[in-house]
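Source file: protein23.cif (mmCIF, C-alpha atoms)
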data_upload
#
loop_
_atom_site.group_PDB
_atom_site.id
_atom_site.type_symbol
_atom_site.label_atom_id
_atom_site.label_comp_id
_atom_site.auth_asym_id
_atom_site.auth_seq_id
_atom_site.Cartn_x
_atom_site.Cartn_y
_atom_site.Cartn_z
ATOM 1 C CA MET F 1 -116.252 60.064 -103.105
ATOM 2 C CA LYS F 2 -119.115 58.084 -104.655
ATOM 3 C CA ILE F 3 -120.198 55.186 -102.467
ATOM 4 C CA ALA F 4 -122.151 52.855 -104.746
ATOM 5 C CA LEU F 5 -121.942 49.504 -106.510
ATOM 6 C CA ASN F 6 -122.941 48.504 -110.028
ATOM 7 C CA HIS F 7 -125.573 45.805 -109.578
ATOM 8 C CA LYS F 8 -125.657 45.141 -113.335
ATOM 9 C CA SER F 9 -121.939 44.377 -113.501
ATOM 10 C CA PRO F 10 -120.768 40.747 -113.895
ATOM 11 C CA ILE F 11 -118.216 41.418 -111.137
ATOM 12 C CA PRO F 12 -119.473 39.821 -107.874
ATOM 13 C CA LEU F 13 -120.827 42.306 -105.364
ATOM 14 C CA HIS F 14 -118.414 41.280 -102.588
ATOM 15 C CA ILE F 15 -115.455 42.000 -104.896
ATOM 16 C CA GLN F 16 -116.938 45.369 -105.865
ATOM 17 C CA ALA F 17 -117.446 46.110 -102.162
ATOM 18 C CA GLU F 18 -113.827 45.194 -101.425
ATOM 19 C CA GLU F 19 -112.541 47.537 -104.139
ATOM 20 C CA LEU F 20 -114.796 50.314 -102.852
ATOM 21 C CA LEU F 21 -113.471 49.819 -99.323
ATOM 22 C CA ARG F 22 -109.898 49.972 -100.612
ATOM 23 C CA ARG F 23 -110.673 53.342 -102.202
ATOM 24 C CA MET F 24 -112.247 54.508 -98.947
ATOM 25 C CA ILE F 25 -109.124 53.431 -97.051
ATOM 26 C CA ALA F 26 -106.994 55.589 -99.361
ATOM 27 C CA ASP F 27 -109.360 58.576 -99.112
ATOM 28 C CA PRO F 28 -108.070 61.317 -96.728
ATOM 29 C CA GLN F 29 -111.542 61.746 -95.220
ATOM 30 C CA PHE F 30 -111.242 58.322 -93.589
ATOM 31 C CA GLN F 31 -107.705 58.815 -92.265
ATOM 32 C CA ASN F 32 -106.605 59.815 -88.753
ATOM 33 C CA GLY F 33 -108.842 57.358 -86.954
ATOM 34 C CA LYS F 34 -112.197 58.426 -88.428
ATOM 35 C CA LEU F 35 -114.704 55.571 -88.437
ATOM 36 C CA LEU F 36 -116.154 54.138 -91.619
ATOM 37 C CA PRO F 37 -119.964 54.126 -91.904
ATOM 38 C CA ASN F 38 -121.407 51.351 -89.737
ATOM 39 C CA GLU F 39 -122.195 47.996 -91.350
ATOM 40 C CA ILE F 40 -125.961 48.418 -91.423
ATOM 41 C CA ASP F 41 -125.855 51.898 -92.978
ATOM 42 C CA LEU F 42 -123.152 50.961 -95.493
ATOM 43 C CA ALA F 43 -124.917 47.728 -96.508
ATOM 44 C CA ASN F 44 -128.172 49.637 -96.997
ATOM 45 C CA GLN F 45 -126.422 52.356 -98.979
ATOM 46 C CA LEU F 46 -124.830 49.747 -101.259
ATOM 47 C CA ALA F 47 -128.053 47.692 -101.434
ATOM 48 C CA ILE F 48 -126.268 44.488 -100.412
ATOM 49 C CA SER F 49 -126.612 42.121 -97.469
ATOM 50 C CA ARG F 50 -124.461 42.513 -94.366
ATOM 51 C CA THR F 51 -123.046 39.037 -95.101
ATOM 52 C CA THR F 52 -121.794 40.224 -98.501
ATOM 53 C CA LEU F 53 -120.335 43.378 -96.970
ATOM 54 C CA ARG F 54 -118.632 41.376 -94.201
ATOM 55 C CA GLN F 55 -116.859 39.212 -96.801
ATOM 56 C CA ALA F 56 -115.105 42.345 -98.034
ATOM 57 C CA LEU F 57 -114.553 43.805 -94.558
ATOM 58 C CA ASN F 58 -113.118 40.578 -93.156
ATOM 59 C CA LYS F 59 -110.530 40.289 -95.902
ATOM 60 C CA LEU F 60 -109.269 43.833 -95.291
ATOM 61 C CA VAL F 61 -109.233 43.296 -91.527
ATOM 62 C CA TYR F 62 -107.065 40.201 -91.978
ATOM 63 C CA GLU F 63 -104.761 42.135 -94.303
ATOM 64 C CA GLY F 64 -104.300 44.670 -91.505
ATOM 65 C CA LEU F 65 -105.846 47.548 -93.473
ATOM 66 C CA LEU F 66 -108.902 47.920 -91.255
ATOM 67 C CA ILE F 67 -109.410 47.655 -87.507
ATOM 68 C CA ARG F 68 -112.787 46.556 -86.156
ATOM 69 C CA LYS F 69 -113.742 46.920 -82.495
ATOM 70 C CA LYS F 70 -116.968 45.591 -81.045
ATOM 71 C CA GLY F 71 -119.210 48.406 -79.876
ATOM 72 C CA VAL F 72 -117.011 51.027 -81.549
ATOM 73 C CA GLY F 73 -116.923 50.393 -85.290
ATOM 74 C CA THR F 74 -114.465 49.964 -88.135
ATOM 75 C CA LYS F 75 -111.653 52.356 -88.952
ATOM 76 C CA VAL F 76 -108.618 52.535 -91.196
ATOM 77 C CA ALA F 77 -105.505 51.090 -89.560
ATOM 78 C CA ASP F 78 -102.623 53.452 -88.919
ATOM 79 C CA ALA F 79 -99.860 53.184 -91.509
ATOM 80 C CA MET F 80 -97.218 50.700 -90.385
ATOM 81 C CA ILE F 81 -93.536 50.633 -91.217
ATOM 82 C CA SER F 82 -92.688 47.305 -92.818
ATOM 83 C CA SER F 83 -89.887 45.657 -94.724
ATOM 84 C CA LYS F 84 -90.733 43.956 -97.969
ATOM 85 C CA SER F 85 -88.680 41.603 -100.088
ATOM 86 C CA VAL F 86 -89.376 41.930 -103.795
ATOM 87 C CA ASN F 87 -88.400 38.440 -104.937
ATOM 88 C CA TRP F 88 -89.870 35.776 -102.677
ATOM 89 C CA LEU F 89 -89.396 32.052 -102.963
ATOM 90 C CA SER F 90 -90.866 28.873 -101.560
ATOM 91 C CA PHE F 91 -89.126 27.448 -98.502
ATOM 92 C CA SER F 92 -87.486 24.727 -100.636
ATOM 93 C CA GLN F 93 -86.192 27.300 -103.102
ATOM 94 C CA GLU F 94 -84.917 29.552 -100.299
ATOM 95 C CA MET F 95 -82.973 26.751 -98.668
ATOM 96 C CA LYS F 96 -81.608 25.478 -101.986
ATOM 97 C CA ALA F 97 -80.418 28.988 -102.851
ATOM 98 C CA ARG F 98 -78.544 29.116 -99.535
ATOM 99 C CA GLY F 99 -77.070 25.647 -99.958
ATOM 100 C CA ILE F 100 -78.845 24.296 -96.886
ATOM 101 C CA PRO F 101 -79.863 20.605 -97.075
ATOM 102 C CA ILE F 102 -83.470 20.097 -95.978
ATOM 103 C CA LYS F 103 -85.180 16.989 -94.612
ATOM 104 C CA ASN F 104 -88.928 16.376 -94.456
ATOM 105 C CA PHE F 105 -89.717 14.811 -91.075
ATOM 106 C CA GLU F 106 -93.507 14.709 -91.461
ATOM 107 C CA LEU F 107 -95.960 15.309 -94.299
ATOM 108 C CA HIS F 108 -99.729 15.062 -93.811
ATOM 109 C CA VAL F 109 -102.503 15.808 -96.312
ATOM 110 C CA SER F 110 -106.182 16.041 -95.376
ATOM 111 C CA TRP F 111 -109.468 17.563 -96.497
ATOM 112 C CA ILE F 112 -111.067 19.759 -93.853
ATOM 113 C CA TYR F 113 -113.858 22.260 -93.358
ATOM 114 C CA PRO F 114 -112.145 25.654 -92.973
ATOM 115 C CA GLU F 115 -112.381 27.839 -89.905
ATOM 116 C CA GLU F 116 -114.166 31.131 -90.458
ATOM 117 C CA VAL F 117 -110.948 33.161 -90.714
ATOM 118 C CA ILE F 118 -109.693 30.949 -93.558
ATOM 119 C CA ALA F 119 -113.070 30.780 -95.310
ATOM 120 C CA ASN F 120 -113.272 34.572 -95.198
ATOM 121 C CA PHE F 121 -109.818 34.903 -96.732
ATOM 122 C CA PHE F 122 -110.790 32.574 -99.583
ATOM 123 C CA ASN F 123 -114.311 34.067 -99.887
ATOM 124 C CA ILE F 124 -115.879 30.620 -99.574
ATOM 125 C CA LYS F 125 -118.316 29.041 -97.141
ATOM 126 C CA THR F 126 -117.219 27.065 -94.094
ATOM 127 C CA ASP F 127 -119.104 23.990 -95.364
ATOM 128 C CA GLN F 128 -116.854 23.696 -98.436
ATOM 129 C CA LYS F 129 -113.914 21.363 -97.851
ATOM 130 C CA ILE F 130 -110.392 22.528 -98.658
ATOM 131 C CA LEU F 131 -107.001 20.848 -98.849
ATOM 132 C CA LYS F 132 -104.778 21.111 -95.759
ATOM 133 C CA LEU F 133 -101.067 20.350 -96.005
ATOM 134 C CA GLU F 134 -98.892 19.954 -92.889
ATOM 135 C CA ARG F 135 -95.127 19.651 -93.160
ATOM 136 C CA LEU F 136 -92.430 19.379 -90.499
ATOM 137 C CA ARG F 137 -89.083 20.324 -92.011
ATOM 138 C CA GLY F 138 -85.504 21.135 -91.035
ATOM 139 C CA ARG F 139 -81.867 20.152 -91.295
ATOM 140 C CA PRO F 140 -80.930 16.453 -91.244
ATOM 141 C CA GLU F 141 -80.053 16.764 -87.542
ATOM 142 C CA GLY F 142 -83.493 18.013 -86.530
ATOM 143 C CA PRO F 143 -86.654 19.958 -87.472
ATOM 144 C CA PHE F 144 -86.879 23.710 -87.095
ATOM 145 C CA VAL F 145 -90.082 24.680 -88.909
ATOM 146 C CA TYR F 146 -93.659 23.412 -88.960
ATOM 147 C CA PHE F 147 -95.826 24.573 -91.864
ATOM 148 C CA VAL F 148 -99.598 24.403 -92.230
ATOM 149 C CA SER F 149 -100.989 25.363 -95.645
ATOM 150 C CA TYR F 150 -104.606 25.671 -96.760
ATOM 151 C CA PHE F 151 -105.500 25.924 -100.462
ATOM 152 C CA HIS F 152 -108.409 27.461 -102.324
ATOM 153 C CA PRO F 153 -110.464 24.761 -104.106
ATOM 154 C CA ARG F 154 -109.867 26.505 -107.446
ATOM 155 C CA THR F 155 -106.205 25.435 -107.406
ATOM 156 C CA GLY F 156 -107.299 21.947 -108.399
ATOM 157 C CA LEU F 157 -104.913 20.243 -105.971
ATOM 158 C CA THR F 158 -106.032 16.688 -105.212
ATOM 159 C CA GLY F 159 -103.732 15.714 -102.351
ATOM 160 C CA GLU F 160 -102.053 13.075 -104.492
ATOM 161 C CA GLU F 161 -99.240 15.407 -105.586
ATOM 162 C CA ASP F 162 -95.598 14.831 -104.664
ATOM 163 C CA PHE F 163 -95.286 17.549 -102.040
ATOM 164 C CA LYS F 164 -91.575 16.896 -101.726
ATOM 165 C CA ARG F 165 -91.355 19.075 -104.832
ATOM 166 C CA PRO F 166 -91.337 22.886 -104.368
ATOM 167 C CA LEU F 167 -94.955 23.854 -103.771
ATOM 168 C CA TYR F 168 -95.132 26.759 -106.207
ATOM 169 C CA ASP F 169 -93.483 24.645 -108.900
ATOM 170 C CA ILE F 170 -96.325 22.145 -108.496
ATOM 171 C CA LEU F 171 -98.963 24.857 -108.826
ATOM 172 C CA GLN F 172 -97.347 26.364 -111.920
ATOM 173 C CA ALA F 173 -96.182 23.239 -113.740
ATOM 174 C CA ASP F 174 -99.173 21.009 -112.987
ATOM 175 C CA TYR F 175 -102.046 23.475 -112.664
ATOM 176 C CA ASN F 176 -100.884 26.586 -114.541
ATOM 177 C CA ILE F 177 -101.284 28.701 -111.393
ATOM 178 C CA ILE F 178 -98.599 31.337 -110.929
ATOM 179 C CA SER F 179 -98.048 32.529 -107.372
ATOM 180 C CA GLU F 180 -97.567 36.229 -107.999
ATOM 181 C CA LEU F 181 -97.941 37.989 -104.653
ATOM 182 C CA SER F 182 -97.108 37.122 -101.063
ATOM 183 C CA LYS F 183 -98.250 39.197 -98.087
ATOM 184 C CA GLU F 184 -96.718 38.263 -94.761
ATOM 185 C CA GLU F 185 -97.190 38.915 -91.073
ATOM 186 C CA ILE F 186 -94.343 38.021 -88.716
ATOM 187 C CA SER F 187 -94.527 37.948 -84.929
ATOM 188 C CA ALA F 188 -92.922 36.315 -81.899
ATOM 189 C CA LYS F 189 -94.810 33.959 -79.608
ATOM 190 C CA ALA F 190 -94.302 31.173 -77.102
ATOM 191 C CA ALA F 191 -94.587 27.579 -78.280
ATOM 192 C CA ASP F 192 -97.611 25.686 -76.989
ATOM 193 C CA LYS F 193 -97.383 21.973 -76.183
ATOM 194 C CA PHE F 194 -98.306 20.862 -79.713
ATOM 195 C CA ILE F 195 -95.783 23.110 -81.496
ATOM 196 C CA ALA F 196 -93.108 22.416 -78.859
ATOM 197 C CA ALA F 197 -93.474 18.677 -79.481
ATOM 198 C CA LYS F 198 -93.219 19.133 -83.250
ATOM 199 C CA LEU F 199 -90.109 21.324 -83.023
ATOM 200 C CA GLU F 200 -88.510 19.262 -80.255
ATOM 201 C CA THR F 201 -88.313 22.152 -77.829
ATOM 202 C CA GLU F 202 -89.820 23.095 -74.475
ATOM 203 C CA PRO F 203 -93.335 24.553 -74.120
ATOM 204 C CA GLY F 204 -93.038 28.304 -73.700
ATOM 205 C CA SER F 205 -89.874 28.499 -75.795
ATOM 206 C CA PRO F 206 -89.730 31.469 -78.196
ATOM 207 C CA ILE F 207 -90.721 30.802 -81.776
ATOM 208 C CA LEU F 208 -91.087 32.934 -84.879
ATOM 209 C CA PHE F 209 -94.647 32.840 -86.215
ATOM 210 C CA ARG F 210 -95.274 33.780 -89.835
ATOM 211 C CA LYS F 211 -98.554 34.094 -91.712
ATOM 212 C CA ARG F 212 -98.264 34.113 -95.497
ATOM 213 C CA PHE F 213 -101.143 35.057 -97.783
ATOM 214 C CA VAL F 214 -100.465 34.037 -101.386
ATOM 215 C CA TYR F 215 -102.293 35.367 -104.447
ATOM 216 C CA ASP F 216 -102.247 34.517 -108.149
ATOM 217 C CA GLN F 217 -101.719 36.930 -111.074
ATOM 218 C CA ALA F 218 -105.339 38.084 -110.840
ATOM 219 C CA ASP F 219 -104.883 38.888 -107.131
ATOM 220 C CA ARG F 220 -107.076 35.941 -106.168
ATOM 221 C CA PRO F 221 -106.162 34.131 -102.924
ATOM 222 C CA ILE F 222 -104.727 30.662 -103.427
ATOM 223 C CA GLU F 223 -102.887 29.771 -100.198
ATOM 224 C CA TYR F 224 -103.212 30.587 -96.493
ATOM 225 C CA ASN F 225 -99.979 29.507 -94.841
ATOM 226 C CA LEU F 226 -98.859 29.368 -91.208
ATOM 227 C CA GLY F 227 -95.209 28.812 -90.313
ATOM 228 C CA TYR F 228 -93.753 28.118 -86.866
ATOM 229 C CA TYR F 229 -89.941 28.466 -86.656
ATOM 230 C CA LYS F 230 -87.591 27.639 -83.786
ATOM 231 C CA ALA F 231 -86.138 30.985 -82.783
ATOM 232 C CA ASP F 232 -82.718 29.535 -81.963
ATOM 233 C CA SER F 233 -82.390 27.770 -85.319
ATOM 234 C CA PHE F 234 -83.708 30.184 -87.881
ATOM 235 C CA VAL F 235 -83.261 33.862 -88.753
ATOM 236 C CA TYR F 236 -85.768 35.522 -91.074
ATOM 237 C CA THR F 237 -83.934 38.015 -93.271
ATOM 238 C CA VAL F 238 -85.627 40.706 -95.355
ATOM 239 C CA GLU F 239 -83.739 42.556 -98.054
ATOM 240 C CA SER F 240 -85.131 45.852 -99.332
ATOM 241 C CA ARG F 241 -83.926 48.100 -102.085
ATOM 242 C CA ARG F 242 -84.714 51.780 -101.947
ATOM 243 C CA GLY F 243 -86.116 53.023 -105.209
#
Give the structure from this file in structure tokens form.
Amino acid sequence: MKIALNHKSPIPLHIQAEELLRRMIADPQFQNGKLLPNEIDLANQLAISRTTLRQALNKLVYEGLLIRKKGVGTKVADAMISSKSVNWLSFSQEMKARGIPIKNFELHVSWIYPEEVIANFFNIKTDQKILKLERLRGRPEGPFVYFVSYFHPRTGLTGEEDFKRPLYDILQADYNIISELSKEEISAKAADKFIAAKLETEPGSPILFRKRFVYDQADRPIEYNLGYYKADSFVYTVESRRG
């Protein structure tokens, strides 16, 4: 396959590099554990900086499509079996659909400088402030989930919104941003002291940890969301239809 970028195109080079890497991932010659060209060689071949190339690489690493090991290199991740729900909703919409009353125990809004992992996902610099939304939610008798959301500056969110409303309703109705795609990673972990205190459980108790990466209709990232669920109070159900 041709490994080159169009430097005269109006499409940013890091986006072109990302699309090229996606094609390389799908190419049989890079399957079965074969390493991609190293960063220096690939950056030189594409005539871009290593920083620009890393923007594209980092995003695909965080999506689980590439695996990078220090001293070894970068390779295509082995195909994983996953369940995928076609119609996804915000937490508020999910609970309303199930007839479960939800109470907001805490709601905090702040402007922060993003950590590198979040900045890489949004393709922004770490010195650009972003909106952080923290919400502790659950049934009236007690909380069972703690959410932390980070938003791309392009959403236009100010922090003055009524976040008791469904989040994706706010984005669509107030800012004309449609949340089209959600990619999720779900794992089990032990609650640390901070999360245990939020969820009113013991440190070391099992929790369900979910990362949600949300994109708009142009496949641009708009939200980086972390969810911590009490394992004894919540079951995450995925419905798939074979087609």
Item to complete: Give me the residues within 7 Å of range 186-193 of chain F as a list of chain:residue names, counting only C-alpha atoms and dropping any in the same chain fewer than 6 places off.
Response: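 Final neighbour list, sorted by chain and number: F:Pro203, F:Gly204, F:Ser205, F:Pro206, F:Ile207, F:Leu208, F:Phe209, F:Arg210, F:Lys211.
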Practice prompt. Mind checking which residues fall within 8 Å of range 104-111 of chain F, counting all atoms listed in the file, ignoring those fewer than 4 positions away in the same chain, and posting them as number ranges by chain?
Written response: F: 129-138, 143, 159, 164
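Applied to the file shown here, the PyMOL selection byres ((chain F and resi 16-32) around 9) selects the residues Met1, Ile3, Ala4, Leu5, Asn6, Ile11, Pro12, Leu13, His14, Ile15, Gly33, Lys34, Leu35, Leu36, Leu46, Thr52, Leu53, Gln55, Ala56, Leu57, Lys59, Leu60, Leu65, Leu66, Lys75, Val76, Ala77 and Asp78 of chain F.
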Worksheet entry | Sphere at (-101.2, 25.9, -108.3), radius 9 Å, counting all atoms listed in the file: residues as a ChimeraX atom specification | /F:151,154-157,167-179,216,222
Writing out the chosen residues with C-alpha atoms as a compact mmCIF listing (two decimals), keeping the file's coordinate frame:
# COMPACT_ATOMS: atom_id res chain seq x y z
CA PHE F 151 -105.50 25.92 -100.46
CA ARG F 154 -109.87 26.50 -107.45
CA THR F 155 -106.20 25.44 -107.41
CA GLY F 156 -107.30 21.95 -108.40
CA LEU F 157 -104.91 20.24 -105.97
CA LEU F 167 -94.96 23.85 -103.77
CA TYR F 168 -95.13 26.76 -106.21
CA ASP F 169 -93.48 24.64 -108.90
CA ILE F 170 -96.32 22.14 -108.50
CA LEU F 171 -98.96 24.86 -108.83
CA GLN F 172 -97.35 26.36 -111.92
CA ALA F 173 -96.18 23.24 -113.74
CA ASP F 174 -99.17 21.01 -112.99
CA TYR F 175 -102.05 23.48 -112.66
CA ASN F 176 -100.88 26.59 -114.54
CA ILE F 177 -101.28 28.70 -111.39
CA ILE F 178 -98.60 31.34 -110.93
CA SER F 179 -98.05 32.53 -107.37
CA ASP F 216 -102.25 34.52 -108.15
CA ILE F 222 -104.73 30.66 -103.43
Worksheet item: So which one's closest to Val117 in chain F, F:Arg54, F:Arg139, F:Lys230, F:Lys198? Using all atoms listed in the file, please.
Response: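 Closest to Val117 in chain F, using all atoms listed in the file: F:Arg54.
Between CA of Tyr113 in chain F and CA of Gln128 in chain F the separation is 6.1 Å.
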The centre and edge lengths of an axis-aligned box containing all atoms of range 24-28 of chain F present in the file, extended by 6 Å on each side, are to be given in Å to one decimal, as JSON.
{"center_x": -109.6, "center_y": 57.4, "center_z": -98.0, "size_x": 17.3, "size_y": 19.9, "size_z": 14.6}
Worksheet item: Of the candidates F:Ala197, F:Ser182, F:Pro166, F:Glu202, which one gets nearest to Gln217 in chain F if we count all atoms listed in the file?
Response: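 Looking only at the distances to Gln217 in chain F, the closest residue turns out to be F:Ser182.
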Discussion item. For the provided coordinates, the residues matched by the PyMOL selection byres ((chain F and resi 40) around 12) should be stated as number ranges by chain.
Written reply: F: 36-39, 41-54, 73
Fill in: Selection result of the PyMOL selection byres ((chain F and resi 183) around 6) on this file, as a list of chain:residue names
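Residues picked by the PyMOL selection byres ((chain F and resi 183) around 6): F:Ser182, F:Glu184, F:Arg212, F:Phe213.
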Discussion item. I'd like the interatomic distance between CA of Phe147 in chain F and CA of Lys103 in chain F, to a tenth of an Å.
Written reply: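 About the pair CA of Phe147 in chain F and CA of Lys103 in chain F: they are 13.4 Å apart.
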Item to complete: Between CA of Pro101 in chain F and CA of Pro140 in chain F, measure the distance and give it in Å to one decimal.
Response: 7.2 Å
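Distance annotation: of F:Pro221, F:Gly227, F:Pro114, F:Pro10, the residue with the minimal separation from Asp127 in chain F is F:Pro114; atom set is only C-alpha atoms.
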